[in-house]
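Since the structure comes first, as structure tokens, the remarks are kept for the end.
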Amino acid sequence: MSSRKVFVKSPLGWLIWGSVAFFFINLLGVIGTVVVSSFGTEWFDGWLPSGWTTKFYTTAWHDYQVPNLLRVTLQVALAVVVISILVGTPAAYVLARRDFPGKKILMLSFLLPIMLPPITYGIPLATFIYRLNLGGTLTGVIVANTVPAIPFVILVLSPFIEQIDPKIEAAARMCGATTRQIFIKILTPLIVPGLLAAALLVLVQTVALFELTYLVSGPGSNTLVVALYYAVFASGIRPYQAISAMAVFYMLTTLFILIVALRYVNPTQMVSQARSADSK
Amino acid sequence: MSSVDTSARTFNLKSWLAEHGVDRLLFLLVPAFLAMLAFFIYPTIYGTYLSFHPMEAKSGALGNYRSFFGDTYMRNSIWNTFRIALPVSLINVFAAVPLAVRLRHRVRGKRTINTLLVIPMSLGTVLIAEGLSAYLAPNGWFNRTLLAAGIIDQPLQLLHNFWGVIISLLITGFPFAFLLTLSYISGINPKMEEAASTLGATSWQRFRYITFPLLTPGLAITFCLNFVLAFSVFPSANLLGNPAGDSHVLAVAAAQAIVNNYDYSMASAISVITGAFELAVVALVLVMRSRLYSGSTSGGKG
């Protein structure tokens with residue numbers, strides 16, 4: 001289109017692209033600082049560290065018990081994905097297909113966890129989880145992280161289900177299929193892209209979600225992001241390069257999951273739950 | 001047929017339920033609803049109840065609230081939160097609009113920009129805070145570059161104050177605002193703008209009188225969700241700000257009550273206060289939004 005050329009030449013166009021470039025340069029600077037610092041022997045003054053080493057990765061790997069953290073993080077994330085998909089999918093189906101008295105109120109109870117800062121409901125939730133004697137346990141962390149994940153699955157899946165022609169289900173029912181058969185043989189194969197998107201988005205979200213895990217976890221049930229927070233917060237105990245190395249471990253985990261996720265979901269789908277919440 | 005008439009006249013619960021879409025299929029909602037009931041609704045009610053039962057029983061039911069609002073330092077955390085969350089959300093939303101307008105059609109590099117923007121979002125506030133604490137330091141790359149370019153003589157103090165928190169929220173919040181705005185703007189039928197164009201509207205007029213009004217309801221939601229993110233600034237306020245001073249935000253106050261003092265009752269009270277203020281702003285925005293045009297953005301036959 002010719003209008004695009006005009007846009008790029010206009011001063012406003014340059015301003016916009018300049019701002020985007022400025023944003024990305026700083027982002028690169030932030031990430032680059034962490035990576036460079038993790039490989040440096042000493043970096044107090046100057047553009048770069050005075051020497052290079054990988055020994056701080058060994059330090060971080062052992063001192064922060066990274067293998068353990070990775071195991072906990074993956075266990076929590078996978079459990080949250082499985083539970084939220086199993087619980088959320090049937091609910092998403094009903095909410096996408098049916099109108100019934102009280103639907104609005106029900107929707108509100110699914111929307112509130114998204115509209116509230118996690119720390120707001122996280123504190124009463126943590127108090128409750130501690131009272132159930134699940135505080136500091138893996139189960140407690142999984143339960144806490146499932147709370148925002150279920151509404152997330154419902155909101156991501158609803159548009160996928162709405163797209164499926166109800167006549168297909170009606171036809172199956174006419175041919176004598178039971179509800180269970182319709183679910184397993186008709187709907188599941190049709191919403192596989194939606195399920196995949198929801199699962200991957202919940203995975204990305206759970207690995208990065210800090211507040212809820214922070215409030216509930218204890219030694220042995222900390223996830224990578226919470227351990228990273230403690231490492232940064234208590235900086236001075238260990239060399240700053242080790243903290244940077246720890247940050248690189250976290251970054252690699254997140255980016256790995258993100259790259260896998262972006263093969264199957266569009267970047268704009270990362271925010272799609274908010275979009276579909278709006279249309280309700 | 002007479003039998004139909006009688007069933008219509010005498011109230012038949014079963015058919016009334018069936019007419020309103022209540023049948024066994026609704027049982028599929030039960031697991032999700034029970035999960036929310038047990039781990040969201042009940043804890044919220046329990047937390048509210050707890051907030052009216054202070055640890056020091058003699059201070060009365062409103063003891064926590066009285067000590068919160070009676071203490072200038074605690075009361076100021078409300079102002080501190082708003083002072084950070086409001087400008088950050090506004091900047092993020094308004095910066096997202098021009099870029100989203102530019103990228104609403106197929107443009108080369110769109111997917112790359114989107115993908116790159118997802119990175120800070122998924123890295124999360126803790127990692128960005130850790131990176132910024134080195135990047136923005138007086139001897140960090142940011143200040144070094146400005147010094148070398150001769151823009152400043154003294155390193156800028158961007159850490160352990162208001163600015164560190166603001167910058168971290170811009171980095172994590174802007175991509176979110178942009179992607180959401182982009183998904184709203186993609187839902188506006190380009191035919192409408194084309195129609196305006198044939199009537200002689202300039203690109204600014206098309207944006208001002210067509211795209212922008214159709215986009216505003218979406219921007220209201222984008223603002224709300226960004227505001228929610230900015231309202232819980234806990235990691236960045238603690239790591240980049242001055243959590244004892246001007247970054248003593250509500251989230252920090254609540255977390256300190258629980259982590260340092262084990263005062264679940266006070267922490268719950270602060271959560272209630274945080275939730276109330278946050279929902280008040282969201283409600284205000286949504287009420288204003290409901291006065292706007294809220295029809296179809298897809299154009300089409302109608």
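By convention here, the chains of the structure tokens are called A, B, ... in the order presented, each chain's residues are numbered starting at 1, and ligands are numbered starting at 1 in the order presented.
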Would you kindly return, as a PDB file with N, CA, C and O atoms, in the first residue's frame, each protein, DNA or RNA residue with an atom no farther than 10 Å from any atom of Ile273 (chain B), considering only C-alpha atoms and excluding same-chain residues fewer than 6 positions away?
```
ATOM      1  N   THR A 120      -3.653  -9.014  46.392  1.00  0.00           N
ATOM      2  CA  THR A 120      -4.877  -8.734  47.137  1.00  0.00           C
ATOM      3  C   THR A 120      -5.582 -10.011  47.557  1.00  0.00           C
ATOM      4  O   THR A 120      -5.941 -10.183  48.711  1.00  0.00           O
TER       5      THR A 120
ATOM      6  N   THR B  48     -11.656 -10.956  54.683  1.00  0.00           N
ATOM      7  CA  THR B  48     -12.394  -9.768  55.112  1.00  0.00           C
ATOM      8  C   THR B  48     -12.817  -9.909  56.566  1.00  0.00           C
ATOM      9  O   THR B  48     -12.673  -8.982  57.371  1.00  0.00           O
ATOM     10  N   TYR B  65      -8.180  -1.089  60.649  1.00  0.00           N
ATOM     11  CA  TYR B  65      -8.452   0.015  59.732  1.00  0.00           C
ATOM     12  C   TYR B  65      -8.114   1.337  60.395  1.00  0.00           C
ATOM     13  O   TYR B  65      -7.575   2.238  59.762  1.00  0.00           O
ATOM     14  N   PHE B  68      -4.433   1.710  60.419  1.00  0.00           N
ATOM     15  CA  PHE B  68      -3.923   1.979  59.065  1.00  0.00           C
ATOM     16  C   PHE B  68      -4.151   3.441  58.692  1.00  0.00           C
ATOM     17  O   PHE B  68      -3.233   4.152  58.303  1.00  0.00           O
ATOM     18  N   ILE B  78      -1.281   4.541  50.138  1.00  0.00           N
ATOM     19  CA  ILE B  78      -2.342   4.646  49.124  1.00  0.00           C
ATOM     20  C   ILE B  78      -1.916   5.642  48.048  1.00  0.00           C
ATOM     21  O   ILE B  78      -1.947   5.355  46.854  1.00  0.00           O
ATOM     22  N   LEU B 250       0.912  -0.070  48.666  1.00  0.00           N
ATOM     23  CA  LEU B 250      -0.011  -0.932  49.410  1.00  0.00           C
ATOM     24  C   LEU B 250       0.452  -2.387  49.409  1.00  0.00           C
ATOM     25  O   LEU B 250       0.401  -3.069  50.433  1.00  0.00           O
ATOM     26  N   ALA B 254       1.236  -4.596  52.705  1.00  0.00           N
ATOM     27  CA  ALA B 254       0.530  -5.842  53.005  1.00  0.00           C
ATOM     28  C   ALA B 254       1.522  -6.982  53.182  1.00  0.00           C
ATOM     29  O   ALA B 254       1.432  -7.764  54.131  1.00  0.00           O
ATOM     30  N   ALA B 267      -2.588  -7.738  57.549  1.00  0.00           N
ATOM     31  CA  ALA B 267      -2.326  -7.946  56.121  1.00  0.00           C
ATOM     32  C   ALA B 267      -3.640  -8.071  55.352  1.00  0.00           C
ATOM     33  O   ALA B 267      -3.795  -7.511  54.260  1.00  0.00           O
ATOM     34  N   LEU B 279     -10.647  -1.640  42.818  1.00  0.00           N
ATOM     35  CA  LEU B 279     -11.938  -1.887  42.171  1.00  0.00           C
ATOM     36  C   LEU B 279     -12.713  -0.591  41.977  1.00  0.00           C
ATOM     37  O   LEU B 279     -13.487  -0.463  41.016  1.00  0.00           O
TER      38      LEU B 279
END
```
Would you mind listing what lies within 10 Å of Ile191 (chain A) as a list in words, with only C-alpha atoms counted and same-chain residues fewer than 4 positions away left out? Thr89, Leu157, Phe160, Ile161, Gln163, Ile164, Ile186, Leu187, Leu195, Leu196 and Ala197 of chain A
Could you write out the selected residues, including all heavy atoms, as a tab-separated table (two decimals), in the first residue's frame?
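Contents of the output file selection_7.tsv:
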```tsv
chain	number	residue	atom	x	y	z
A	89	THR	N	-12.03	-26.68	31.00
A	89	THR	CA	-12.62	-26.97	29.69
A	89	THR	C	-14.13	-27.22	29.76
A	89	THR	O	-14.88	-26.60	28.99
A	89	THR	CB	-11.89	-28.14	29.01
A	89	THR	OG1	-10.49	-27.90	29.11
A	89	THR	CG2	-12.28	-28.26	27.56
A	157	LEU	N	-10.39	-20.45	26.14
A	157	LEU	CA	-11.07	-21.50	25.38
A	157	LEU	C	-12.43	-21.08	24.83
A	157	LEU	O	-12.83	-21.54	23.76
A	157	LEU	CB	-11.25	-22.74	26.25
A	157	LEU	CG	-10.13	-23.76	26.23
A	157	LEU	CD1	-10.48	-24.93	27.13
A	157	LEU	CD2	-9.87	-24.26	24.82
A	160	PHE	N	-12.78	-20.26	21.22
A	160	PHE	CA	-12.54	-21.44	20.37
A	160	PHE	C	-13.80	-22.30	20.28
A	160	PHE	O	-14.15	-22.80	19.22
A	160	PHE	CB	-11.41	-22.30	20.95
A	160	PHE	CG	-10.04	-21.77	20.63
A	160	PHE	CD1	-9.37	-20.97	21.51
A	160	PHE	CD2	-9.44	-22.09	19.42
A	160	PHE	CE1	-8.11	-20.49	21.22
A	160	PHE	CE2	-8.19	-21.61	19.12
A	160	PHE	CZ	-7.52	-20.80	20.01
A	161	ILE	N	-14.48	-22.45	21.42
A	161	ILE	CA	-15.68	-23.30	21.44
A	161	ILE	C	-16.82	-22.61	20.70
A	161	ILE	O	-17.57	-23.25	19.97
A	161	ILE	CB	-16.05	-23.64	22.89
A	161	ILE	CG1	-14.94	-24.49	23.51
A	161	ILE	CG2	-17.37	-24.38	22.95
A	161	ILE	CD1	-15.07	-24.71	24.98
A	163	GLN	N	-16.66	-20.86	18.18
A	163	GLN	CA	-16.47	-20.98	16.74
A	163	GLN	C	-17.00	-22.29	16.16
A	163	GLN	O	-17.26	-22.38	14.98
A	163	GLN	CB	-14.97	-20.91	16.41
A	163	GLN	CG	-14.45	-19.50	16.31
A	163	GLN	CD	-12.95	-19.50	16.21
A	163	GLN	OE1	-12.35	-20.53	15.90
A	163	GLN	NE2	-12.35	-18.36	16.45
A	164	ILE	N	-17.12	-23.31	17.01
A	164	ILE	CA	-17.56	-24.62	16.51
A	164	ILE	C	-19.07	-24.59	16.29
A	164	ILE	O	-19.82	-24.18	17.17
A	164	ILE	CB	-17.18	-25.73	17.50
A	164	ILE	CG1	-15.67	-25.76	17.68
A	164	ILE	CG2	-17.69	-27.08	17.01
A	164	ILE	CD1	-15.23	-26.65	18.81
A	186	ILE	N	-16.06	-35.65	19.35
A	186	ILE	CA	-16.38	-34.53	18.45
A	186	ILE	C	-15.64	-33.26	18.89
A	186	ILE	O	-14.90	-32.67	18.13
A	186	ILE	CB	-17.90	-34.23	18.44
A	186	ILE	CG1	-18.70	-35.50	18.28
A	186	ILE	CG2	-18.25	-33.16	17.42
A	186	ILE	CD1	-18.91	-36.00	16.89
A	187	LEU	N	-15.86	-32.87	20.16
A	187	LEU	CA	-15.36	-31.56	20.57
A	187	LEU	C	-13.85	-31.53	20.78
A	187	LEU	O	-13.17	-30.64	20.29
A	187	LEU	CB	-16.07	-31.11	21.85
A	187	LEU	CG	-17.50	-30.65	21.65
A	187	LEU	CD1	-18.19	-30.43	22.98
A	187	LEU	CD2	-17.51	-29.35	20.85
A	195	LEU	N	-6.96	-25.91	23.17
A	195	LEU	CA	-6.40	-26.54	24.37
A	195	LEU	C	-4.90	-26.32	24.44
A	195	LEU	O	-4.34	-26.02	25.49
A	195	LEU	CB	-6.70	-28.05	24.36
A	195	LEU	CG	-8.15	-28.46	24.63
A	195	LEU	CD1	-8.31	-29.96	24.46
A	195	LEU	CD2	-8.55	-28.05	26.03
A	196	LEU	N	-4.25	-26.48	23.28
A	196	LEU	CA	-2.80	-26.30	23.22
A	196	LEU	C	-2.44	-24.86	23.60
A	196	LEU	O	-1.54	-24.62	24.41
A	196	LEU	CB	-2.32	-26.62	21.81
A	196	LEU	CG	-0.85	-26.89	21.64
A	196	LEU	CD1	-0.47	-28.13	22.41
A	196	LEU	CD2	-0.52	-27.06	20.17
A	197	ALA	N	-3.17	-23.91	23.01
A	197	ALA	CA	-2.90	-22.49	23.31
A	197	ALA	C	-3.10	-22.23	24.80
A	197	ALA	O	-2.24	-21.64	25.46
A	197	ALA	CB	-3.82	-21.60	22.48
```
Mind checking DSSP for region 226-270 of chain A and telling me the alpha helix (DSSP H) residues as an MDAnalysis selection string? chainID A and resid 226:233 240:264
Residue selection dump (N, CA and C atoms) as a tab-separated table (two decimals), in the first residue's frame:
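What landed in selection33.tsv:
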```
chain	number	residue	atom	x	y	z
A	226	VAL	N	10.73	-17.26	42.50
A	226	VAL	CA	10.75	-16.87	43.92
A	226	VAL	C	12.18	-16.96	44.46
A	227	ALA	N	12.90	-18.02	44.07
A	227	ALA	CA	14.29	-18.16	44.49
A	227	ALA	C	15.13	-17.00	43.95
A	228	LEU	N	14.82	-16.59	42.72
A	228	LEU	CA	15.55	-15.45	42.13
A	228	LEU	C	15.28	-14.18	42.93
A	229	TYR	N	14.03	-14.01	43.32
A	229	TYR	CA	13.68	-12.82	44.12
A	229	TYR	C	14.47	-12.82	45.43
A	230	TYR	N	14.48	-13.96	46.11
A	230	TYR	CA	15.21	-14.03	47.38
A	230	TYR	C	16.70	-13.76	47.15
A	231	ALA	N	17.22	-14.31	46.04
A	231	ALA	CA	18.65	-14.11	45.76
A	231	ALA	C	18.94	-12.63	45.55
A	232	VAL	N	18.09	-11.93	44.80
A	232	VAL	CA	18.32	-10.51	44.54
A	232	VAL	C	18.10	-9.71	45.83
A	233	PHE	N	17.07	-10.09	46.57
A	233	PHE	CA	16.71	-9.33	47.77
A	233	PHE	C	17.81	-9.43	48.82
A	240	TYR	N	27.61	-11.09	43.26
A	240	TYR	CA	26.54	-10.62	42.37
A	240	TYR	C	26.55	-11.38	41.04
A	241	GLN	N	27.74	-11.89	40.64
A	241	GLN	CA	27.79	-12.66	39.40
A	241	GLN	C	26.96	-13.94	39.51
A	242	ALA	N	26.96	-14.53	40.72
A	242	ALA	CA	26.19	-15.76	40.92
A	242	ALA	C	24.69	-15.44	40.82
A	243	ILE	N	24.29	-14.28	41.33
A	243	ILE	CA	22.88	-13.88	41.22
A	243	ILE	C	22.52	-13.70	39.75
A	244	SER	N	23.45	-13.06	39.00
A	244	SER	CA	23.20	-12.90	37.57
A	244	SER	C	23.10	-14.25	36.87
A	245	ALA	N	23.98	-15.18	37.26
A	245	ALA	CA	23.93	-16.52	36.66
A	245	ALA	C	22.60	-17.18	36.96
A	246	MET	N	22.15	-17.01	38.19
A	246	MET	CA	20.83	-17.53	38.59
A	246	MET	C	19.73	-16.92	37.71
A	247	ALA	N	19.85	-15.60	37.47
A	247	ALA	CA	18.88	-14.92	36.61
A	247	ALA	C	18.93	-15.49	35.20
A	248	VAL	N	20.14	-15.83	34.73
A	248	VAL	CA	20.25	-16.41	33.39
A	248	VAL	C	19.56	-17.77	33.34
A	249	PHE	N	19.72	-18.57	34.40
A	249	PHE	CA	19.03	-19.87	34.45
A	249	PHE	C	17.52	-19.67	34.32
A	250	TYR	N	17.02	-18.69	35.07
A	250	TYR	CA	15.57	-18.41	35.03
A	250	TYR	C	15.17	-17.95	33.63
A	251	MET	N	16.00	-17.05	33.07
A	251	MET	CA	15.69	-16.48	31.76
A	251	MET	C	15.66	-17.58	30.71
A	252	LEU	N	16.63	-18.49	30.75
A	252	LEU	CA	16.69	-19.57	29.77
A	252	LEU	C	15.45	-20.46	29.87
A	253	THR	N	15.05	-20.76	31.11
A	253	THR	CA	13.85	-21.60	31.29
A	253	THR	C	12.64	-20.91	30.67
A	254	THR	N	12.45	-19.63	31.00
A	254	THR	CA	11.29	-18.90	30.50
A	254	THR	C	11.33	-18.81	28.98
A	255	LEU	N	12.51	-18.46	28.45
A	255	LEU	CA	12.60	-18.27	26.99
A	255	LEU	C	12.39	-19.59	26.27
A	256	PHE	N	12.88	-20.69	26.85
A	256	PHE	CA	12.68	-22.00	26.23
A	256	PHE	C	11.17	-22.29	26.11
A	257	ILE	N	10.46	-22.10	27.21
A	257	ILE	CA	9.02	-22.36	27.19
A	257	ILE	C	8.34	-21.40	26.22
A	258	LEU	N	8.80	-20.15	26.22
A	258	LEU	CA	8.19	-19.14	25.35
A	258	LEU	C	8.38	-19.50	23.87
A	259	ILE	N	9.58	-19.98	23.52
A	259	ILE	CA	9.84	-20.33	22.12
A	259	ILE	C	8.95	-21.49	21.71
A	260	VAL	N	8.83	-22.49	22.60
A	260	VAL	CA	7.93	-23.61	22.30
A	260	VAL	C	6.51	-23.07	22.13
A	261	ALA	N	6.09	-22.19	23.07
A	261	ALA	CA	4.72	-21.68	23.03
A	261	ALA	C	4.46	-20.90	21.75
A	262	LEU	N	5.42	-20.08	21.33
A	262	LEU	CA	5.19	-19.21	20.18
A	262	LEU	C	5.13	-20.00	18.87
A	263	ARG	N	5.50	-21.27	18.90
A	263	ARG	CA	5.31	-22.09	17.70
A	263	ARG	C	3.83	-22.38	17.49
A	264	TYR	N	3.08	-22.37	18.58
A	264	TYR	CA	1.67	-22.76	18.49
A	264	TYR	C	0.70	-21.62	18.76
```
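Considering only C-alpha atoms, the residue among A:Ile85, A:Ile182, A:Ile114, A:Ile142 positioned nearest to Cys224 (chain B) is A:Ile114.
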Residue neighbourhood Trp141 (chain B), 7 Å, only C-alpha atoms, exclusion window fewer than 4 positions, as an NGL selection string: (:A and (47)) or (:B and (135 or 145))
Any chance you could export the current selection's C-alpha atoms as a compact mmCIF listing (two decimals), in the first residue's frame?
```
# COMPACT_ATOMS: atom_id res chain seq x y z
CA TRP A 47 31.92 -0.88 29.95
CA TYR B 135 21.55 -1.41 33.97
CA THR B 145 25.99 5.99 27.42
```
